[in-house]
Amino acid sequence: MNVVAGSLRRGAPARLLPADTATQRRGYSSAYYDMACRLIELDSLIDRLDLEKIFERNAPLHVDLGCGDGSFLCTLAQGTQDKNFLGIERLLNRVRTSARKAAKLDNVRLLRMESSYAVRYLLPAESVERFYLLFPDPWPKRRHHRRRIVTPDFLSSIHAALQKGGSIYIATDDVDYFGIIKEVTESDRGFAIGEGDVDLPLSRFGLIFRQKGASIHWLELRKISPVK
Ligand SMILES: C[S@@+](CC[C@H](N)C(=O)[O-])C[C@H]1O[C@@H](n2cnc3c(N)ncnc32)[C@H](O)[C@@H]1O
């Protein structure tokens, strides 16, 4: 497998490094190399991901959308070795932090990408057992509402990427956004709605909100076939 080690450095040219000890001879520390191995570098923005090649095995896939610093993703992956975990995050520094945490976890990969695009165009159909969307940016100002990620189009891409019976877990502390998310999901007949009361590790933002004493609102959407 090849990795592009340069992608962890801002502005550095992407350089293909073969996955062997020659890398270390070229001056990359093994810790840096382990981090770089967790990153997915795309050859194309229109081809679907080859998940078996990326993870070097076939296993159920869980995807954390906007994975932030990767603490939730990596804690979950460490305790669930029989599943593959993909973190998608658009901010470089957070991808770097996540890659550092994932360096020793063979079942984690990271993609620096806009989540909606990745779900719609890069994930193969029916490839995901579970999505997590934990504390998506609420964009509270009215003029910013159009930046919110949960829309009918987004849910339709999620539906296409989920396996039969797969689900998405959504958490937010923002009661207004939660109301909107419920409205959007209730009008989509492709999902059954639950409360997502599973025992999950705390994400970084989950921890921050818990420390502040904020109420966290959860939703689980399970893929069903719409009644015709
Ligand atoms: C409030 S933070 C929550 C991070 C993490 N899920 C947690 O619970 O700790 C939202 C994260 O989503 C990322 N994000 C927001 N919109 C995104 C998008 N469209 N695509 C990818 N990442 C996004 C942000 O950069 C940020 O890291």
# chains A, B, ... in the order shown; residues from 1 in each chain; ligands from 1
call {"tool": "closest_atom_pairs", "arguments": {"of": "chain A", "to": "ligand 1", "cutoff": "6 Å", "atoms": "only C-alpha atoms and all ligand atoms", "output": "JSON lines"}}
result
{"residue": "A:Gly66", "atom": "CA", "partner": "ligand 1", "partner_atom_place_in_ligand_line": "12 (O)", "distance": 3.5}
{"residue": "A:Cys67", "atom": "CA", "partner": "ligand 1", "partner_atom_place_in_ligand_line": "6 (N)", "distance": 4.4}
{"residue": "A:Gly68", "atom": "CA", "partner": "ligand 1", "partner_atom_place_in_ligand_line": "27 (O)", "distance": 3.5}
{"residue": "A:Ile88", "atom": "CA", "partner": "ligand 1", "partner_atom_place_in_ligand_line": "21 (C)", "distance": 5.9}
{"residue": "A:Glu89", "atom": "CA", "partner": "ligand 1", "partner_atom_place_in_ligand_line": "22 (N)", "distance": 3.9}
{"residue": "A:Arg90", "atom": "CA", "partner": "ligand 1", "partner_atom_place_in_ligand_line": "21 (C)", "distance": 4.2}
{"residue": "A:Leu91", "atom": "CA", "partner": "ligand 1", "partner_atom_place_in_ligand_line": "25 (O)", "distance": 5.1}
{"residue": "A:Met113", "atom": "CA", "partner": "ligand 1", "partner_atom_place_in_ligand_line": "21 (C)", "distance": 5.8}
{"residue": "A:Glu114", "atom": "CA", "partner": "ligand 1", "partner_atom_place_in_ligand_line": "20 (N)", "distance": 3.5}
{"residue": "A:Ser115", "atom": "CA", "partner": "ligand 1", "partner_atom_place_in_ligand_line": "20 (N)", "distance": 3.8}
{"residue": "A:Leu134", "atom": "CA", "partner": "ligand 1", "partner_atom_place_in_ligand_line": "6 (N)", "distance": 4.3}
{"residue": "A:Phe135", "atom": "CA", "partner": "ligand 1", "partner_atom_place_in_ligand_line": "3 (C)", "distance": 4.8}
{"residue": "A:Pro136", "atom": "CA", "partner": "ligand 1", "partner_atom_place_in_ligand_line": "10 (C)", "distance": 4.8}
{"residue": "A:Asp137", "atom": "CA", "partner": "ligand 1", "partner_atom_place_in_ligand_line": "1 (C)", "distance": 5.1}
{"residue": "A:Ser203", "atom": "CA", "partner": "ligand 1", "partner_atom_place_in_ligand_line": "9 (O)", "distance": 4.4}
{"residue": "A:Arg204", "atom": "CA", "partner": "ligand 1", "partner_atom_place_in_ligand_line": "9 (O)", "distance": 3.8}
{"residue": "A:Phe205", "atom": "CA", "partner": "ligand 1", "partner_atom_place_in_ligand_line": "9 (O)", "distance": 3.8}
{"residue": "A:Gly206", "atom": "CA", "partner": "ligand 1", "partner_atom_place_in_ligand_line": "8 (O)", "distance": 5.5}
call {"tool": "residues_around", "arguments": {"residues": "His145 (chain A)", "least_positions_apart": "5", "cutoff": "12 Å", "atoms": "only C-alpha atoms", "output": "PyMOL selection string"}}
result
chain A and resi 137-140+150-151+176-177+180-181
call {"tool": "atom_distance", "arguments": {"atom1": "CA of Gly194 (chain A)", "atom2": "CA of Leu65 (chain A)"}}
result
19.4 Å
call {"tool": "closest_residue", "arguments": {"among": "A:Ala103, A:Ile158, A:Val108, A:Leu49", "to": "Gln81 (chain A)", "atoms": "only C-alpha atoms"}}
result
A:Val108
call {"tool": "select_by_dssp", "arguments": {"residues": "region 50-223 of chain A", "states": "strand (DSSP E or B)", "output": "PyMOL selection string"}}
result
chain A and resi 61-65+84-89+108-112+128-134+162-172+191-194+217-223
call {"tool": "select_by_dssp", "arguments": {"residues": "region 76-159 of chain A", "states": "alpha helix (DSSP H)", "output": "PDB file with C-alpha atoms, in the first residue's frame"}}
result
ATOM      1  CA  LEU A  76     -14.640   3.383  19.914  1.00  0.00           C
ATOM      2  CA  ALA A  77     -12.211   1.795  17.438  1.00  0.00           C
ATOM      3  CA  GLN A  78      -9.917   0.591  20.210  1.00  0.00           C
ATOM      4  CA  GLY A  79     -12.775  -1.260  21.913  1.00  0.00           C
ATOM      5  CA  LEU A  92      -6.353  20.052   8.826  1.00  0.00           C
ATOM      6  CA  ASN A  93      -5.281  20.515  12.450  1.00  0.00           C
ATOM      7  CA  ARG A  94      -8.071  18.259  13.687  1.00  0.00           C
ATOM      8  CA  VAL A  95      -7.221  15.622  11.088  1.00  0.00           C
ATOM      9  CA  ARG A  96      -3.616  15.751  12.286  1.00  0.00           C
ATOM     10  CA  THR A  97      -4.660  15.335  15.917  1.00  0.00           C
ATOM     11  CA  SER A  98      -6.929  12.433  14.965  1.00  0.00           C
ATOM     12  CA  ALA A  99      -4.141  10.792  12.946  1.00  0.00           C
ATOM     13  CA  ARG A 100      -1.814  11.034  15.933  1.00  0.00           C
ATOM     14  CA  LYS A 101      -4.406   9.287  18.118  1.00  0.00           C
ATOM     15  CA  ALA A 102      -5.030   6.650  15.441  1.00  0.00           C
ATOM     16  CA  SER A 115     -18.697  15.322   4.958  1.00  0.00           C
ATOM     17  CA  SER A 116     -21.692  15.813   2.659  1.00  0.00           C
ATOM     18  CA  TYR A 117     -19.508  15.422  -0.419  1.00  0.00           C
ATOM     19  CA  PRO A 152     -33.255  16.377   3.006  1.00  0.00           C
ATOM     20  CA  ASP A 153     -30.464  15.885   0.409  1.00  0.00           C
ATOM     21  CA  PHE A 154     -27.945  14.955   3.095  1.00  0.00           C
ATOM     22  CA  LEU A 155     -30.340  12.381   4.567  1.00  0.00           C
ATOM     23  CA  SER A 156     -30.978  10.916   1.164  1.00  0.00           C
ATOM     24  CA  SER A 157     -27.182  10.426   0.657  1.00  0.00           C
ATOM     25  CA  ILE A 158     -26.937   8.867   4.121  1.00  0.00           C
ATOM     26  CA  HIS A 159     -29.778   6.492   3.225  1.00  0.00           C
TER      27      HIS A 159
END
call {"tool": "closest_residue", "arguments": {"among": "A:Arg148, A:Lys53, A:Lys182, A:Arg130", "to": "Arg109 (chain A)", "atoms": "only C-alpha atoms"}}
result
A:Lys53
call {"tool": "closest_residue", "arguments": {"among": "A:Leu86, A:Val63, A:Leu110, A:Ile193", "to": "Leu133 (chain A)", "atoms": "only C-alpha atoms"}}
result
A:Val63
call {"tool": "atom_distance", "arguments": {"atom1": "CA of Asp173 (chain A)", "atom2": "CA of Arg210 (chain A)"}}
result
9.5 Å
call {"tool": "atom_distance", "arguments": {"atom1": "CA of Ser44 (chain A)", "atom2": "CA of Leu123 (chain A)"}}
result
12.8 Å
call {"tool": "closest_residue", "arguments": {"among": "A:Ala125, A:Leu61, A:Ile224, A:Ala171", "to": "Leu202 (chain A)", "atoms": "only C-alpha atoms"}}
result
A:Ala171
call {"tool": "closest_residue", "arguments": {"among": "A:Thr80, A:Ser71, A:Asn107, A:Thr185", "to": "Ile168 (chain A)", "atoms": "only C-alpha atoms"}}
result
A:Thr185
